[in-house]
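What follows is the content of structure-v9.cif, which has mmCIF, C-alpha atoms:
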```cif
data_query
#
loop_
_atom_site.label_atom_id
_atom_site.label_comp_id
_atom_site.auth_asym_id
_atom_site.auth_seq_id
_atom_site.Cartn_x
_atom_site.Cartn_y
_atom_site.Cartn_z
CA MET A 38 33.70 96.38 -47.62
CA PRO A 39 36.56 97.08 -45.24
CA VAL A 40 37.99 94.36 -43.02
CA GLU A 41 39.23 94.76 -39.48
CA VAL A 42 43.01 94.77 -39.07
CA ARG A 43 44.33 94.17 -35.55
CA LEU A 44 47.72 95.69 -34.83
CA PRO A 45 50.37 94.64 -32.27
CA THR A 46 51.40 97.15 -29.63
CA MET A 47 54.73 97.83 -31.37
CA LEU A 48 52.95 99.13 -34.51
CA ARG A 49 50.13 101.07 -32.88
CA ALA A 50 52.15 104.27 -32.48
CA ASP A 51 52.44 104.32 -36.29
CA ALA A 52 48.64 104.01 -36.63
CA ALA A 53 47.52 106.88 -34.40
CA GLY A 54 47.65 104.62 -31.33
CA GLN A 55 44.77 102.43 -32.49
CA PRO A 56 44.72 98.71 -31.64
CA SER A 57 42.45 97.95 -34.58
CA VAL A 58 41.77 99.76 -37.85
CA LYS A 59 39.67 99.20 -40.98
CA ALA A 60 41.25 98.70 -44.37
CA ASN A 61 39.94 97.85 -47.83
CA GLY A 62 40.98 95.07 -50.16
CA GLY A 63 40.12 91.63 -51.48
CA THR A 64 43.48 90.08 -50.57
CA ILE A 65 45.95 90.39 -47.69
CA GLY A 66 48.31 92.33 -49.98
CA GLU A 67 45.62 94.82 -50.98
CA VAL A 68 44.56 95.35 -47.36
CA LEU A 69 48.16 95.92 -46.27
CA ASP A 70 48.63 98.39 -49.16
CA ASP A 71 45.55 100.30 -48.00
CA LEU A 72 46.82 100.22 -44.43
CA VAL A 73 50.08 101.88 -45.49
CA ARG A 74 48.13 104.41 -47.58
CA GLN A 75 46.25 105.39 -44.41
CA PHE A 76 49.29 105.18 -42.12
CA PRO A 77 52.44 105.81 -44.16
CA ARG A 78 54.70 105.22 -41.13
CA LEU A 79 53.77 101.52 -41.35
CA GLY A 80 55.52 101.39 -44.74
CA GLY A 81 58.29 98.78 -44.82
CA LYS A 82 57.34 97.36 -41.42
CA ILE A 83 54.87 94.68 -42.57
CA VAL A 84 55.71 94.26 -46.25
CA THR A 85 59.31 94.77 -47.40
CA ASP A 86 60.34 97.09 -50.21
CA ASP A 87 60.67 93.93 -52.34
CA GLY A 88 56.99 93.22 -51.82
CA ALA A 89 57.33 90.22 -49.47
CA LEU A 90 56.00 89.77 -45.96
CA HIS A 91 58.54 91.10 -43.48
CA ARG A 92 60.24 88.23 -41.63
CA PHE A 93 59.73 89.95 -38.27
CA VAL A 94 55.92 89.87 -38.46
CA ASN A 95 53.26 87.20 -38.78
CA VAL A 96 50.01 88.03 -40.54
CA TYR A 97 46.86 85.98 -40.04
CA ARG A 98 43.52 85.63 -41.79
CA ASN A 99 41.28 84.80 -38.84
CA ASP A 100 43.16 81.86 -37.20
CA GLU A 101 45.46 81.03 -40.10
CA ASP A 102 49.02 82.24 -40.67
CA VAL A 103 48.95 83.55 -44.25
CA ARG A 104 52.44 82.13 -44.89
CA TYR A 105 50.67 78.75 -45.00
CA LEU A 106 47.87 80.06 -47.21
CA ASP A 107 48.65 82.16 -50.30
CA LYS A 108 50.80 84.76 -48.48
CA LEU A 109 49.97 88.25 -49.80
CA GLU A 110 47.62 86.74 -52.40
CA THR A 111 45.41 85.21 -49.66
CA LYS A 112 41.81 86.12 -50.42
CA LEU A 113 39.59 87.87 -47.88
CA ALA A 114 35.84 87.91 -47.32
CA ASP A 115 33.96 90.81 -45.71
CA ASP A 116 33.81 89.36 -42.21
CA ASP A 117 37.43 88.17 -42.08
CA VAL A 118 39.74 89.64 -39.47
CA VAL A 119 43.38 90.28 -40.29
CA SER A 120 45.76 90.13 -37.31
CA ILE A 121 49.37 91.21 -37.28
CA LEU A 122 51.75 90.05 -34.55
CA PRO A 123 55.50 90.21 -34.13
CA ALA A 124 57.42 87.08 -35.11
CA VAL A 125 59.03 86.12 -31.82
CA ALA A 126 62.37 84.40 -32.26
CA GLY A 127 65.99 84.40 -31.15
CA GLY A 128 68.73 82.06 -30.12
CA GLN A 129 71.87 81.63 -28.10
CA MET B 277 60.95 95.19 -12.50
CA LEU B 278 59.38 91.90 -13.56
CA ARG B 279 56.86 90.62 -11.02
CA LEU B 280 56.33 86.91 -11.44
CA PRO B 281 53.92 84.73 -9.44
CA GLU B 282 55.63 81.59 -8.23
CA SER B 283 53.06 79.37 -10.01
CA GLN B 284 53.91 80.95 -13.38
CA TYR B 285 57.63 80.85 -12.61
CA LEU B 286 57.34 77.10 -12.00
CA LYS B 287 55.34 76.66 -15.22
CA MET B 288 58.10 78.46 -17.13
CA ILE B 289 60.91 76.40 -15.55
CA GLY B 290 58.96 73.18 -16.13
CA HIS B 291 58.47 74.03 -19.81
CA ALA B 292 62.17 74.87 -20.19
CA LEU B 293 63.21 71.53 -18.62
CA ASN B 294 60.63 69.57 -20.63
CA GLY B 295 62.02 71.10 -23.81
CA LEU B 296 65.54 69.75 -23.32
CA PRO B 297 67.71 69.15 -25.30
CA LEU B 298 66.05 71.88 -27.39
CA GLU B 299 65.46 75.50 -26.50
CA ALA B 300 61.99 76.09 -25.08
CA CYS B 301 59.97 79.29 -25.35
CA GLY B 302 56.71 80.90 -24.36
CA LEU B 303 54.86 84.15 -23.89
CA LEU B 304 54.09 86.16 -20.77
CA ALA B 305 50.86 88.07 -20.29
CA GLY B 306 50.12 90.69 -17.70
CA ASP B 307 49.57 94.34 -17.01
CA PRO B 308 51.85 96.55 -19.10
CA ARG B 309 51.75 99.31 -16.48
CA SER B 310 52.83 97.31 -13.42
CA GLY B 311 54.99 94.70 -15.14
CA LYS B 312 53.15 92.00 -13.19
CA ILE B 313 52.91 88.71 -15.07
CA ASP B 314 49.61 86.91 -14.60
CA ILE B 315 49.90 84.09 -17.11
CA CYS B 316 52.75 82.17 -18.67
CA TYR B 317 51.84 80.56 -22.01
CA PRO B 318 54.28 77.76 -22.85
CA CYS B 319 54.64 77.57 -26.65
CA ARG B 320 56.13 75.17 -29.15
CA ASN B 321 59.57 76.07 -30.48
CA VAL B 322 58.90 75.61 -34.19
CA ALA B 323 62.63 76.05 -34.91
CA GLU B 324 63.11 72.71 -33.03
CA SER B 325 66.69 73.67 -32.27
CA ALA B 326 69.04 73.63 -29.29
CA LYS B 327 70.38 77.04 -30.37
CA LEU B 328 67.42 78.91 -31.84
CA TYR B 329 63.80 79.43 -31.01
CA THR B 330 60.72 80.64 -32.85
CA VAL B 331 57.45 80.90 -30.97
CA ASP B 332 54.74 78.94 -32.82
CA PRO B 333 52.85 81.75 -34.63
CA LYS B 334 49.51 80.00 -34.18
CA GLN B 335 50.00 79.63 -30.42
CA HIS B 336 51.07 83.28 -30.28
CA LEU B 337 47.75 84.32 -31.83
CA GLN B 338 45.83 82.07 -29.40
CA ALA B 339 47.75 83.47 -26.42
CA ASP B 340 47.22 87.03 -27.61
CA ARG B 341 43.45 86.48 -27.87
CA ASP B 342 43.23 84.66 -24.55
CA ALA B 343 45.17 87.44 -22.81
CA GLU B 344 42.97 90.12 -24.36
CA ALA B 345 39.80 88.28 -23.25
CA ARG B 346 41.17 88.41 -19.69
CA GLY B 347 41.97 92.13 -19.94
CA LEU B 348 45.70 91.41 -20.18
CA GLU B 349 48.36 91.92 -22.83
CA ILE B 350 51.33 89.90 -23.99
CA ILE B 351 54.15 91.87 -22.39
CA GLY B 352 57.05 89.50 -22.64
CA VAL B 353 58.64 86.33 -23.90
CA PHE B 354 60.81 83.73 -22.23
CA HIS B 355 63.18 81.20 -23.70
CA SER B 356 65.80 78.83 -22.43
CA HIS B 357 69.50 78.81 -23.10
CA THR B 358 70.55 75.19 -22.78
CA HIS B 359 74.32 75.71 -22.71
CA THR B 360 74.93 79.41 -22.16
CA ASP B 361 74.23 82.06 -19.53
CA ALA B 362 70.85 83.72 -18.99
CA TYR B 363 71.84 86.76 -21.05
CA PRO B 364 70.46 87.89 -24.44
CA SER B 365 72.52 86.74 -27.42
CA PRO B 366 73.18 89.00 -30.42
CA THR B 367 70.40 87.08 -32.21
CA ASP B 368 68.02 87.74 -29.32
CA VAL B 369 68.80 91.46 -29.48
CA GLU B 370 68.52 91.67 -33.26
CA GLN B 371 65.14 89.93 -33.23
CA ALA B 372 63.63 91.53 -30.10
CA PRO B 373 60.31 92.70 -31.53
CA ASP B 374 58.98 95.13 -28.97
CA PRO B 375 60.86 97.66 -26.81
CA THR B 376 58.10 97.57 -24.19
CA TRP B 377 58.43 93.81 -23.61
CA HIS B 378 60.24 91.91 -20.88
CA TYR B 379 62.78 89.41 -22.26
CA VAL B 380 63.19 86.56 -19.80
CA LEU B 381 66.04 84.09 -20.10
CA VAL B 382 66.19 80.72 -18.37
CA SER B 383 69.67 79.24 -18.34
CA LEU B 384 69.89 75.48 -17.89
CA LYS B 385 73.63 75.26 -18.35
CA ASP B 386 74.24 74.42 -14.70
CA GLY B 387 72.10 72.06 -12.66
CA GLU B 388 69.94 74.78 -11.12
CA PRO B 389 67.89 76.95 -13.58
CA VAL B 390 68.87 80.64 -13.55
CA VAL B 391 66.18 83.18 -14.49
CA ARG B 392 66.97 86.76 -15.47
CA SER B 393 64.90 89.45 -17.16
CA PHE B 394 65.92 92.21 -19.55
CA ARG B 395 64.58 95.14 -21.51
CA ILE B 396 65.96 95.54 -25.02
CA VAL B 397 65.46 99.02 -26.46
CA GLY B 398 67.15 100.08 -29.67
CA GLY B 399 69.66 97.23 -29.36
CA VAL B 400 70.63 98.23 -25.82
CA ILE B 401 70.23 95.55 -23.14
CA SER B 402 69.38 96.49 -19.56
CA GLU B 403 68.74 93.97 -16.83
CA GLU B 404 65.79 94.37 -14.49
CA PRO B 405 65.14 92.70 -11.13
CA VAL B 406 62.84 89.67 -11.03
CA ALA B 407 60.51 89.57 -8.01
CA LEU B 408 58.87 86.23 -7.25
CA GLU B 409 55.48 86.66 -5.63
CA ALA B 410 53.27 84.22 -3.78
CA GLN B 411 50.47 84.82 -6.31
#
```
Write the structure described by the file as structure tokens, please.
Amino acid sequence: MPVEVRLPTMLRADAAGQPSVKANGGTIGEVLDDLVRQFPRLGGKIVTDDGALHRFVNVYRNDEDVRYLDKLETKLADDDVVSILPAVAGGQ
Amino acid sequence: MLRLPESQYLKMIGHALNGLPLEACGLLAGDPRSGKIDICYPCRNVAESAKLYTVDPKQHLQADRDAEARGLEIIGVFHSHTHTDAYPSPTDVEQAPDPTWHYVLVSLKDGEPVVRSFRIVGGVISEEPVALEAQ
């Protein structure tokens, strides 16, 4: 069963302008792989070429930041929602 | 132009002052077409630093959902500079996530807070006017 993946405005142009898409997978990593299969322009923007979560995005399973769960190995159930938001940071 | 209701401006300044001696940060929600800010969401600086900020990812998700439920979008971020001018640093530019956002700086280096707003597109900074509105 596909899960819903909610995209931030900055990535929507790479996903045919959609705010939310469906992707398949039993873990966050599998879902993100499927997302890039569907929308190749998202490649490298969420997961790095080294296979780690990009430091400029946060990925959530429902309300939880997956960095504090099992990162890309975080398991998903059918009704889970995956959200992607920019990591907002800076400094003087 | 960034249009900012006075109530949200005061919320932002209050959060910046409360955060001292650390940098404070938060998100701004509004209408992406008009640039009018409706809600300021003060957030925790999880970097807990006087020189760096990172918006609490969990509060970002909550703010994003709350804004969406109100028919708004997160269209900007603010943070304080405790000892430097209200101008984006190289780190701010490098980490600016979204070219459509408003990047608001609150400088607390002098007694009176100074607020300025910028767009950051492809590493290029351009300042925009800030209009305070009654509501």
Q: Determine the residue membership of the PyMOL selection byres ((chain A and resi 106-109) around 12) for the file above and supply it as number ranges by chain.
A: A: 62-70, 83-85, 88-91, 95-105, 110-113, 119
How would the residues just picked look written out with C-alpha atoms as an mmCIF file, in the coordinates of the input?
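Written output follows (part_1.cif):
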```
data_model
loop_
_atom_site.group_PDB
_atom_site.id
_atom_site.type_symbol
_atom_site.label_atom_id
_atom_site.label_comp_id
_atom_site.auth_asym_id
_atom_site.auth_seq_id
_atom_site.Cartn_x
_atom_site.Cartn_y
_atom_site.Cartn_z
ATOM 1 C CA GLY A 62 40.980 95.070 -50.160
ATOM 2 C CA GLY A 63 40.120 91.630 -51.480
ATOM 3 C CA THR A 64 43.480 90.080 -50.570
ATOM 4 C CA ILE A 65 45.950 90.390 -47.690
ATOM 5 C CA GLY A 66 48.310 92.330 -49.980
ATOM 6 C CA GLU A 67 45.620 94.820 -50.980
ATOM 7 C CA VAL A 68 44.560 95.350 -47.360
ATOM 8 C CA LEU A 69 48.160 95.920 -46.270
ATOM 9 C CA ASP A 70 48.630 98.390 -49.160
ATOM 10 C CA ILE A 83 54.870 94.680 -42.570
ATOM 11 C CA VAL A 84 55.710 94.260 -46.250
ATOM 12 C CA THR A 85 59.310 94.770 -47.400
ATOM 13 C CA GLY A 88 56.990 93.220 -51.820
ATOM 14 C CA ALA A 89 57.330 90.220 -49.470
ATOM 15 C CA LEU A 90 56.000 89.770 -45.960
ATOM 16 C CA HIS A 91 58.540 91.100 -43.480
ATOM 17 C CA ASN A 95 53.260 87.200 -38.780
ATOM 18 C CA VAL A 96 50.010 88.030 -40.540
ATOM 19 C CA TYR A 97 46.860 85.980 -40.040
ATOM 20 C CA ARG A 98 43.520 85.630 -41.790
ATOM 21 C CA ASN A 99 41.280 84.800 -38.840
ATOM 22 C CA ASP A 100 43.160 81.860 -37.200
ATOM 23 C CA GLU A 101 45.460 81.030 -40.100
ATOM 24 C CA ASP A 102 49.020 82.240 -40.670
ATOM 25 C CA VAL A 103 48.950 83.550 -44.250
ATOM 26 C CA ARG A 104 52.440 82.130 -44.890
ATOM 27 C CA TYR A 105 50.670 78.750 -45.000
ATOM 28 C CA GLU A 110 47.620 86.740 -52.400
ATOM 29 C CA THR A 111 45.410 85.210 -49.660
ATOM 30 C CA LYS A 112 41.810 86.120 -50.420
ATOM 31 C CA LEU A 113 39.590 87.870 -47.880
ATOM 32 C CA VAL A 119 43.380 90.280 -40.290
#
```
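Distances to chain A were evaluated for B:Leu293, B:Leu384, B:Ala372, B:Ile313 using all atoms listed in the file, and the minimum falls at B:Ala372.
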Q. Any idea what the distance is between CA of Leu381 (chain B) and CA of Asp340 (chain B)?
A. 20.5 Å
Within 7 Å of chain B, which residues of chain A come that close, and what is the closest atom pair and distance in Å for each? Count all atoms listed in the file and give it as a Markdown table.
```
| residue | atom | partner | partner_atom | distance |
| --- | --- | --- | --- | --- |
| A:Met47 | CA | B:Asp374 | CA | 5.6 |
| A:Asn95 | CA | B:Pro333 | CA | 6.9 |
| A:Asp102 | CA | B:Lys334 | CA | 6.9 |
| A:Pro123 | CA | B:Pro373 | CA | 6.0 |
| A:Val125 | CA | B:Val331 | CA | 5.5 |
| A:Ala126 | CA | B:Thr330 | CA | 4.1 |
| A:Gly127 | CA | B:Asp368 | CA | 4.3 |
| A:Gly128 | CA | B:Leu328 | CA | 3.8 |
| A:Gln129 | CA | B:Ser365 | CA | 5.2 |
```
Q.
If I take CA of Ile289 (chain B) and CA of Val382 (chain B), how far is one from the other in Å, to one decimal?
A.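 The value is 7.4 Å.
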Q: Give me the result of the PyMOL selection byres ((chain B and resi 408) around 7) on this file, residue by residue, as a ChimeraX atom specification.
A: /B:279-282,406-407,409-410
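We find CA of Ile396 (chain B) and CA of Gly295 (chain B) to be spaced 24.8 Å apart.
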Q: Enumerate, as a list in words, the residues matched when the PyMOL selection byres ((chain B and resi 307) around 9) is run on the file above.
A: Ala305, Gly306, Pro308, Arg309, Ser310, Gly311, Lys312, Ile313, Asp314, Gly347, Leu348, Glu349, Ile350 and Ile351 of chain B
Q. Closest to Glu41 (chain A) among A:Ala53, A:Val94, A:Leu79, A:Ile121, using only C-alpha atoms?
A.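 Ranked by minimum distance to Glu41 (chain A), first place goes to A:Ile121.
Residue nearest Val73 (chain A), chosen from A:Phe93, A:Ala52, A:Met38, A:Ala124 and counting all atoms listed in the file: A:Ala52.
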